[in-house]
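Working notes, beginning with the structure itself.
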Amino acid sequence: MVQILNEREKQVFKKGESNFVISCDKQSTSGSVSQRACVFCGSRVVLYPIADAVHLVHGPVGCAAYTWDIRGALSSGPELHRHSFSTDLRENEVIFGGEQKLESSILYLIDRYHPKALFVYSTCIIGIIGDDVEAVCKKVAWKTDIPVIPVHSEGFKGTKKDGYKAACAALFRLVGTGAGKKKSGPVINILGEFNLAGESWIIKNYYKQMGIEIQSVMTGDSRIEEIKNAHLTDLNVVQCSGSMLFLAKLMNEKWGIPYIHVSYFGIEDTADALYTVAQFFNELKILDRTKELVVSEVNALAVTLNEYKEKLKGKKAAVYVGGAFKAFSLIKALRRIGMDVVIAGSQTGSREDYEQLRLMCKPGTIILDDSNPLELSGFVRETGAELFIGGVKERPMAMKLGLGFCDHNHERKIPLAGFEGMKNFAKEVYSSVMSPVWKFHPLRKGGVS
Ligand code: SF4
């Protein structure tokens, strides 16, 4: 029997067993070791891939441990985003204030690195000591003529999702400040795509083949100038709803730019995404090119995927990811290679997301919100899952339990988006689930738990 804290009982359901009214979108329960990161980390993962900006963490040096390494967003040019800068606040600043140190740090970094912009992330202690980060940023921006943008991401003031919002608010300060001209032809922004393992490049290449221009990707392989001119677009195409829907809504309110919600994980969702964008522009040439692209990619993959399906048929998978929208795509992608999802959950899903998950999952599937290692490992053992799909925090748990693991989050080095991503995904799942190493694992041999 899996132990669940009383306060979390309404965040865990088994499809088909009880009335499904999940409680979600709230702060984590005290005593439950949530897999979520803090507000600051949420902001940082969204803004970090902007490669020609300096990212300065205003706080103790420990907060700056969330570096580029936790999300290896690639850049085709500058790599300023790979540095981890911190104001390294100590007792002295905690008592007397850190504004002076912040100002001198920003001035030093601008002088040393000549960034196109500088983001200042507020951490917990800044919210406590009350530094006026906004005023310091304004003063330095005026002095240097470089955008210095505060990110109000004090770690304690909400969930990781609030960090995404703080990042969107920071981006929104930049959008519309450019003096560029709109590209000719149909133009889109890609939102919520962070160029992990070069995924933005794969997706951009699809749109290029369809005859669609990209104004900016926010924020994969991103440049400040492109973001400043991101209002010069026909459509915002949002992947990763949790992180970027807020920005799309703000841009819709201010400039009337429509937005659509897509996913590039798995064959079905990638094809849907490209067709939806093509239909938005509704030009015969674009529609034809899209069809040609999708048909040729799907045909090229069919044989390989069928081979994996044959070998993986009936194997059980657990999916626990940051945003629930990704879980939808993963369930479809796993079905395509013959696998059943027996656990599905997310850190930041909304009630609508969980309702959608409930509709997609088979009876008996465990659906959970903001879970913890005790629950996850208990349900893995109870359901007999042979694969875990998660992120950096779930990896050691899967290894200890002796089951295959696929990283679908920050750290991965293999692109999993688009059609070629689906091929990589199938290969990775197959290699991990079928690895002979598991037969030596004590738990798989029926040993000590
Ligand atoms: S919770 Fe606060 S102290 Fe911890 S990493 Fe986040 S901002 Fe820093």
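Order determines the names: the first chain of the structure tokens is A, the second B, and so forth; residues in each chain are numbered 1 upward, and ligands are numbered 1 upward as they are shown.
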How close does chain A get to ligand 1? List, as JSON lines, each residue of chain A within 6 Å, its nearest atom pair and the distance in Å to one decimal, counting only C-alpha atoms and all ligand atoms.
```
{"residue": "A:Cys38", "atom": "CA", "partner": "ligand 1", "partner_atom_place_in_ligand_line": "6 (Fe)", "distance": 4.8}
{"residue": "A:Phe40", "atom": "CA", "partner": "ligand 1", "partner_atom_place_in_ligand_line": "7 (S)", "distance": 5.1}
{"residue": "A:Cys63", "atom": "CA", "partner": "ligand 1", "partner_atom_place_in_ligand_line": "8 (Fe)", "distance": 4.0}
{"residue": "A:Thr123", "atom": "CA", "partner": "ligand 1", "partner_atom_place_in_ligand_line": "7 (S)", "distance": 3.9}
{"residue": "A:Cys124", "atom": "CA", "partner": "ligand 1", "partner_atom_place_in_ligand_line": "2 (Fe)", "distance": 4.1}
{"residue": "A:Glu154", "atom": "CA", "partner": "ligand 1", "partner_atom_place_in_ligand_line": "7 (S)", "distance": 5.5}
{"residue": "A:Gly155", "atom": "CA", "partner": "ligand 1", "partner_atom_place_in_ligand_line": "7 (S)", "distance": 3.7}
{"residue": "A:Phe156", "atom": "CA", "partner": "ligand 1", "partner_atom_place_in_ligand_line": "1 (S)", "distance": 5.8}
```
Generate the output file for the selected residues, N, CA and C atoms, as a compact mmCIF listing (two decimals), in the first residue's frame.
```
# COMPACT_ATOMS: atom_id res chain seq x y z
N CYS A 38 12.07 25.88 -7.13
CA CYS A 38 11.47 27.10 -6.59
C CYS A 38 11.09 28.08 -7.71
N PHE A 40 12.35 30.98 -8.39
CA PHE A 40 13.55 31.47 -9.07
C PHE A 40 14.01 30.49 -10.14
N CYS A 63 22.21 29.81 -4.54
CA CYS A 63 21.10 29.85 -5.51
C CYS A 63 21.64 29.71 -6.93
N THR A 123 16.28 36.48 -5.51
CA THR A 123 16.12 35.20 -4.81
C THR A 123 15.41 35.46 -3.47
N CYS A 124 15.21 34.42 -2.70
CA CYS A 124 14.44 34.55 -1.45
C CYS A 124 14.89 35.72 -0.57
N GLU A 154 11.57 35.78 -6.34
CA GLU A 154 11.92 35.35 -4.98
C GLU A 154 11.38 33.93 -4.77
N GLY A 155 12.28 33.03 -4.38
CA GLY A 155 11.98 31.59 -4.39
C GLY A 155 10.75 31.16 -3.62
N PHE A 156 10.42 31.89 -2.56
CA PHE A 156 9.35 31.42 -1.67
C PHE A 156 7.96 31.88 -2.09
```
Sel. of alpha helix (DSSP H) residues, range 40-242 of chain A, as a PyMOL selection string:
chain A and resi 40-47+91-96+99-113+124-129+133-144+160-174+199-210+224-228+241-242
From a DSSP pass on the backbone, collect the residues of range 179-220 of chain A flagged as strand (DSSP E or B) and hand them back as a list in words.
Val187, Ile188, Asn189, Ile190, Leu191, Gly192, Glu193, Leu196, Glu213, Ile214, Gln215, Ser216, Val217, Met218 and Thr219 of chain A
Might you pull out every residue within 10 Å of Val140 in chain A, with only C-alpha atoms counted and same-chain residues fewer than 5 positions away left off, and present them as a PyMOL selection string? chain A and resi 103-104+106-107+110+135+145-148
Please write the residues from the selection above to a file, keeping C-alpha atoms, as a PDB file, in the first residue's frame.
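Result went into out_0.pdb, see below:
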```
ATOM      1  CA  GLU A 103      24.829  48.033  -8.817  1.00  0.00           C
ATOM      2  CA  SER A 104      28.595  47.535  -8.862  1.00  0.00           C
ATOM      3  CA  ILE A 106      25.953  44.951 -12.942  1.00  0.00           C
ATOM      4  CA  LEU A 107      28.327  47.747 -13.968  1.00  0.00           C
ATOM      5  CA  ILE A 110      28.411  45.176 -18.552  1.00  0.00           C
ATOM      6  CA  ALA A 135      15.310  51.015  -8.953  1.00  0.00           C
ATOM      7  CA  ASP A 145      21.899  52.415 -22.267  1.00  0.00           C
ATOM      8  CA  ILE A 146      21.583  48.629 -21.993  1.00  0.00           C
ATOM      9  CA  PRO A 147      18.311  46.948 -20.956  1.00  0.00           C
ATOM     10  CA  VAL A 148      18.708  45.797 -17.352  1.00  0.00           C
TER      11      VAL A 148
END
```
Each range 124-233 of chain A residue no farther than 10 Å from range 403-410 of chain A, nearest pair in Å, only C-alpha atoms, as CSV:
```
residue,atom,partner,partner_atom,distance
A:Phe194,CA,A:His410,CA,9.4
A:Leu196,CA,A:His410,CA,7.3
A:Ala197,CA,A:His410,CA,9.7
```
Ala426 in chain A proximity check over A:Tyr275, A:Trp68, A:Tyr164, A:Phe265, using only C-alpha atoms: winner is A:Phe265
>> What's around Ile50 in chain A at 8 Å? Count only C-alpha atoms, leave out sequence neighbours fewer than 2 positions away in its own chain, and write the answer as a list of chain:residue names.
In response: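 My list of contacting residues is A:Leu47, A:Tyr48, A:Asp52, A:Ala53, A:His81, A:Thr219, A:Gly220, A:Asp221, A:Ser222, A:Arg223, A:Ile224.
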Go ahead and save the residues from that selection, with N, CA and C atoms, as an mmCIF file, in the first residue's frame.
```cif
data_model
loop_
_atom_site.group_PDB
_atom_site.id
_atom_site.type_symbol
_atom_site.label_atom_id
_atom_site.label_comp_id
_atom_site.auth_asym_id
_atom_site.auth_seq_id
_atom_site.Cartn_x
_atom_site.Cartn_y
_atom_site.Cartn_z
ATOM 1 N N LEU A 47 14.446 31.825 -18.996
ATOM 2 C CA LEU A 47 15.231 32.926 -19.573
ATOM 3 C C LEU A 47 16.657 32.531 -19.953
ATOM 4 N N TYR A 48 17.137 31.471 -19.331
ATOM 5 C CA TYR A 48 18.541 31.120 -19.494
ATOM 6 C C TYR A 48 19.015 30.946 -20.925
ATOM 7 N N ASP A 52 22.865 35.935 -25.642
ATOM 8 C CA ASP A 52 23.705 37.144 -25.678
ATOM 9 C C ASP A 52 23.388 38.082 -24.510
ATOM 10 N N ALA A 53 22.749 37.537 -23.474
ATOM 11 C CA ALA A 53 22.461 38.336 -22.274
ATOM 12 C C ALA A 53 23.271 37.799 -21.101
ATOM 13 N N HIS A 81 25.270 32.910 -21.853
ATOM 14 C CA HIS A 81 24.309 32.268 -20.942
ATOM 15 C C HIS A 81 24.917 31.102 -20.177
ATOM 16 N N THR A 219 12.706 30.586 -25.629
ATOM 17 C CA THR A 219 13.935 31.333 -25.695
ATOM 18 C C THR A 219 15.112 30.507 -26.254
ATOM 19 N N GLY A 220 14.874 29.474 -26.995
ATOM 20 C CA GLY A 220 15.973 28.635 -27.472
ATOM 21 C C GLY A 220 16.855 29.318 -28.500
ATOM 22 N N ASP A 221 18.166 29.308 -28.271
ATOM 23 C CA ASP A 221 19.136 29.954 -29.160
ATOM 24 C C ASP A 221 18.658 31.368 -29.488
ATOM 25 N N SER A 222 18.275 32.057 -28.450
ATOM 26 C CA SER A 222 17.558 33.322 -28.612
ATOM 27 C C SER A 222 18.503 34.516 -28.523
ATOM 28 N N ARG A 223 18.135 35.610 -29.215
ATOM 29 C CA ARG A 223 18.917 36.847 -29.186
ATOM 30 C C ARG A 223 18.008 38.003 -28.771
ATOM 31 N N ILE A 224 18.599 38.926 -28.017
ATOM 32 C CA ILE A 224 17.828 40.052 -27.490
ATOM 33 C C ILE A 224 17.143 40.843 -28.616
#
```
Between A:Glu268, A:Glu420, A:Asp162, A:Glu411, smallest distance to Ser243 in chain A by only C-alpha atoms belongs to A:Asp162
Open item on the list: Residues near Ala333 in chain A, anyone? I mean within 9 Å using only C-alpha atoms, not counting same-chain ones fewer than 3 positions away, as a PyMOL selection string.
Closed with: chain A and resi 265-269+328-330+336-339+422+425-426
Using N, CA and C atoms, can you export the residues from the last selection as a PDB file, in the first residue's frame?
```pdb
ATOM      1  N   PHE A 265       6.281  16.819 -29.583  1.00  0.00           N
ATOM      2  CA  PHE A 265       6.749  15.499 -29.151  1.00  0.00           C
ATOM      3  C   PHE A 265       5.844  14.411 -29.719  1.00  0.00           C
ATOM      4  N   GLY A 266       6.458  13.474 -30.397  1.00  0.00           N
ATOM      5  CA  GLY A 266       5.700  12.374 -31.000  1.00  0.00           C
ATOM      6  C   GLY A 266       5.265  12.733 -32.417  1.00  0.00           C
ATOM      7  N   ILE A 267       4.986  11.687 -33.196  1.00  0.00           N
ATOM      8  CA  ILE A 267       4.610  11.885 -34.599  1.00  0.00           C
ATOM      9  C   ILE A 267       3.294  12.646 -34.740  1.00  0.00           C
ATOM     10  N   GLU A 268       2.278  12.151 -34.006  1.00  0.00           N
ATOM     11  CA  GLU A 268       0.940  12.738 -34.135  1.00  0.00           C
ATOM     12  C   GLU A 268       0.948  14.218 -33.809  1.00  0.00           C
ATOM     13  N   ASP A 269       1.556  14.557 -32.662  1.00  0.00           N
ATOM     14  CA  ASP A 269       1.510  15.944 -32.219  1.00  0.00           C
ATOM     15  C   ASP A 269       2.381  16.852 -33.078  1.00  0.00           C
ATOM     16  N   PHE A 328       0.695  14.531 -22.191  1.00  0.00           N
ATOM     17  CA  PHE A 328      -0.273  14.099 -23.229  1.00  0.00           C
ATOM     18  C   PHE A 328       0.493  13.524 -24.430  1.00  0.00           C
ATOM     19  N   SER A 329       1.507  14.286 -24.870  1.00  0.00           N
ATOM     20  CA  SER A 329       2.274  13.850 -26.051  1.00  0.00           C
ATOM     21  C   SER A 329       3.001  12.551 -25.761  1.00  0.00           C
ATOM     22  N   LEU A 330       3.536  12.445 -24.530  1.00  0.00           N
ATOM     23  CA  LEU A 330       4.295  11.237 -24.203  1.00  0.00           C
ATOM     24  C   LEU A 330       3.412   9.999 -24.181  1.00  0.00           C
ATOM     25  N   ARG A 336       2.379   4.628 -29.489  1.00  0.00           N
ATOM     26  CA  ARG A 336       2.846   4.365 -30.857  1.00  0.00           C
ATOM     27  C   ARG A 336       3.900   3.256 -30.880  1.00  0.00           C
ATOM     28  N   ILE A 337       4.653   3.150 -29.755  1.00  0.00           N
ATOM     29  CA  ILE A 337       5.647   2.065 -29.716  1.00  0.00           C
ATOM     30  C   ILE A 337       5.181   0.915 -28.806  1.00  0.00           C
ATOM     31  N   GLY A 338       3.883   0.821 -28.633  1.00  0.00           N
ATOM     32  CA  GLY A 338       3.290  -0.365 -27.999  1.00  0.00           C
ATOM     33  C   GLY A 338       3.235  -0.363 -26.489  1.00  0.00           C
ATOM     34  N   MET A 339       3.616   0.728 -25.836  1.00  0.00           N
ATOM     35  CA  MET A 339       3.682   0.693 -24.365  1.00  0.00           C
ATOM     36  C   MET A 339       2.436   1.276 -23.702  1.00  0.00           C
ATOM     37  N   MET A 422      11.322  11.628 -32.389  1.00  0.00           N
ATOM     38  CA  MET A 422      10.527  10.422 -32.100  1.00  0.00           C
ATOM     39  C   MET A 422      11.370   9.163 -32.305  1.00  0.00           C
ATOM     40  N   PHE A 425      13.681   8.959 -29.423  1.00  0.00           N
ATOM     41  CA  PHE A 425      12.919   8.587 -28.225  1.00  0.00           C
ATOM     42  C   PHE A 425      12.700   7.074 -28.191  1.00  0.00           C
ATOM     43  N   ALA A 426      12.237   6.526 -29.313  1.00  0.00           N
ATOM     44  CA  ALA A 426      11.963   5.085 -29.380  1.00  0.00           C
ATOM     45  C   ALA A 426      13.237   4.293 -29.110  1.00  0.00           C
TER      46      ALA A 426
END
```
For Gly418 in chain A, the nearest of the candidates A:Ser296, A:Thr270, A:Gln239, A:Ser28, counting only C-alpha atoms =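 Ranking A:Ser296, A:Thr270, A:Gln239, A:Ser28 by distance to Gly418 in chain A, first place goes to A:Thr270.
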Within 12 Å of Phe281 in chain A using only C-alpha atoms, minus same-chain residues under 4 positions, as a ChimeraX atom specification
/A:185-188,210-213,234-235,258,274-277,285-287,290
Produce a file of the selected residues containing N, CA and C atoms, as an mmCIF file, in the first residue's frame.
```
data_model
loop_
_atom_site.group_PDB
_atom_site.id
_atom_site.type_symbol
_atom_site.label_atom_id
_atom_site.label_comp_id
_atom_site.auth_asym_id
_atom_site.auth_seq_id
_atom_site.Cartn_x
_atom_site.Cartn_y
_atom_site.Cartn_z
ATOM 1 N N GLY A 185 6.175 37.961 -45.908
ATOM 2 C CA GLY A 185 5.621 36.601 -45.865
ATOM 3 C C GLY A 185 5.113 36.245 -44.494
ATOM 4 N N PRO A 186 4.589 35.034 -44.349
ATOM 5 C CA PRO A 186 4.051 34.612 -43.059
ATOM 6 C C PRO A 186 5.145 34.467 -42.005
ATOM 7 N N VAL A 187 4.914 35.046 -40.830
ATOM 8 C CA VAL A 187 5.931 35.043 -39.763
ATOM 9 C C VAL A 187 5.327 34.520 -38.462
ATOM 10 N N ILE A 188 6.115 33.722 -37.752
ATOM 11 C CA ILE A 188 5.655 33.262 -36.424
ATOM 12 C C ILE A 188 6.768 33.452 -35.381
ATOM 13 N N MET A 210 8.324 24.672 -44.909
ATOM 14 C CA MET A 210 6.919 25.010 -45.186
ATOM 15 C C MET A 210 6.779 26.412 -45.778
ATOM 16 N N GLY A 211 7.872 27.196 -45.738
ATOM 17 C CA GLY A 211 7.822 28.567 -46.263
ATOM 18 C C GLY A 211 7.366 29.579 -45.235
ATOM 19 N N ILE A 212 7.625 29.281 -43.966
ATOM 20 C CA ILE A 212 7.217 30.198 -42.888
ATOM 21 C C ILE A 212 8.452 30.765 -42.201
ATOM 22 N N GLU A 213 8.438 32.092 -42.018
ATOM 23 C CA GLU A 213 9.581 32.776 -41.384
ATOM 24 C C GLU A 213 9.439 32.716 -39.862
ATOM 25 N N ASP A 234 2.867 37.330 -37.119
ATOM 26 C CA ASP A 234 1.447 37.055 -37.385
ATOM 27 C C ASP A 234 0.840 36.143 -36.339
ATOM 28 N N LEU A 235 1.705 35.323 -35.715
ATOM 29 C CA LEU A 235 1.167 34.270 -34.847
ATOM 30 C C LEU A 235 2.202 33.846 -33.812
ATOM 31 N N PRO A 258 -2.598 36.628 -32.390
ATOM 32 C CA PRO A 258 -3.236 35.366 -31.975
ATOM 33 C C PRO A 258 -2.200 34.332 -31.547
ATOM 34 N N LEU A 274 2.323 21.210 -37.146
ATOM 35 C CA LEU A 274 2.684 21.803 -38.444
ATOM 36 C C LEU A 274 1.424 22.074 -39.285
ATOM 37 N N TYR A 275 0.482 21.119 -39.262
ATOM 38 C CA TYR A 275 -0.763 21.328 -40.014
ATOM 39 C C TYR A 275 -1.560 22.512 -39.457
ATOM 40 N N THR A 276 -1.587 22.640 -38.126
ATOM 41 C CA THR A 276 -2.353 23.740 -37.527
ATOM 42 C C THR A 276 -1.776 25.092 -37.935
ATOM 43 N N VAL A 277 -0.447 25.182 -37.952
ATOM 44 C CA VAL A 277 0.174 26.459 -38.356
ATOM 45 C C VAL A 277 -0.105 26.707 -39.841
ATOM 46 N N LYS A 285 0.225 26.956 -51.212
ATOM 47 C CA LYS A 285 1.641 26.558 -51.275
ATOM 48 C C LYS A 285 2.108 25.996 -49.934
ATOM 49 N N ILE A 286 1.751 26.696 -48.859
ATOM 50 C CA ILE A 286 2.183 26.263 -47.518
ATOM 51 C C ILE A 286 1.519 24.933 -47.162
ATOM 52 N N LEU A 287 0.228 24.817 -47.483
ATOM 53 C CA LEU A 287 -0.493 23.579 -47.163
ATOM 54 C C LEU A 287 0.125 22.387 -47.896
ATOM 55 N N THR A 290 3.552 21.478 -46.468
ATOM 56 C CA THR A 290 3.421 20.845 -45.146
ATOM 57 C C THR A 290 3.043 19.377 -45.306
#
```
message: Report as a list in words all protein, DNA and RNA residues lying within 10 Å of Val21 in chain A, evaluated on only C-alpha atoms, omitting residues in the same chain fewer than 5 positions from it.
response: Lys10, Gln11, Val12, Phe13, Arg351, Tyr354 and Glu355 of chain A
So how far away is CA of Ile331 in chain A from CA of Glu9 in chain A, in Å?
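According to the coordinates, CA of Glu9 in chain A and CA of Ile331 in chain A are separated by 24.1 Å.
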From the list A:Phe172, A:Glu292, A:Val262, A:Ala51, which residue is nearest Ser76 in chain A when using only C-alpha atoms?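 For Ser76 in chain A, the nearest of the given residues is A:Ala51.
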Using only C-alpha atoms, the residue out of A:Arg381, A:Gly390, A:Ala170, A:Lys413 with shortest distance to Arg444 in chain A is A:Arg381
query = Between A:Lys165, A:Lys311, A:Lys208, A:His55, which has the minimum distance to Leu247 in chain A (counting only C-alpha atoms)?
reply =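 When distances to Leu247 in chain A are compared using only C-alpha atoms, the smallest one comes from A:Lys165.
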So the first atom is CA of Lys254 in chain A and the second is CA of Asn189 in chain A; what is the distance between them in Å, to one decimal place?
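That distance, rounded to one decimal, is 15.6 Å.
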So how far away is CA of Ser34 in chain A from CA of Leu416 in chain A, in Å?
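So the two atoms, CA of Leu416 in chain A and CA of Ser34 in chain A, lie 25.7 Å apart.
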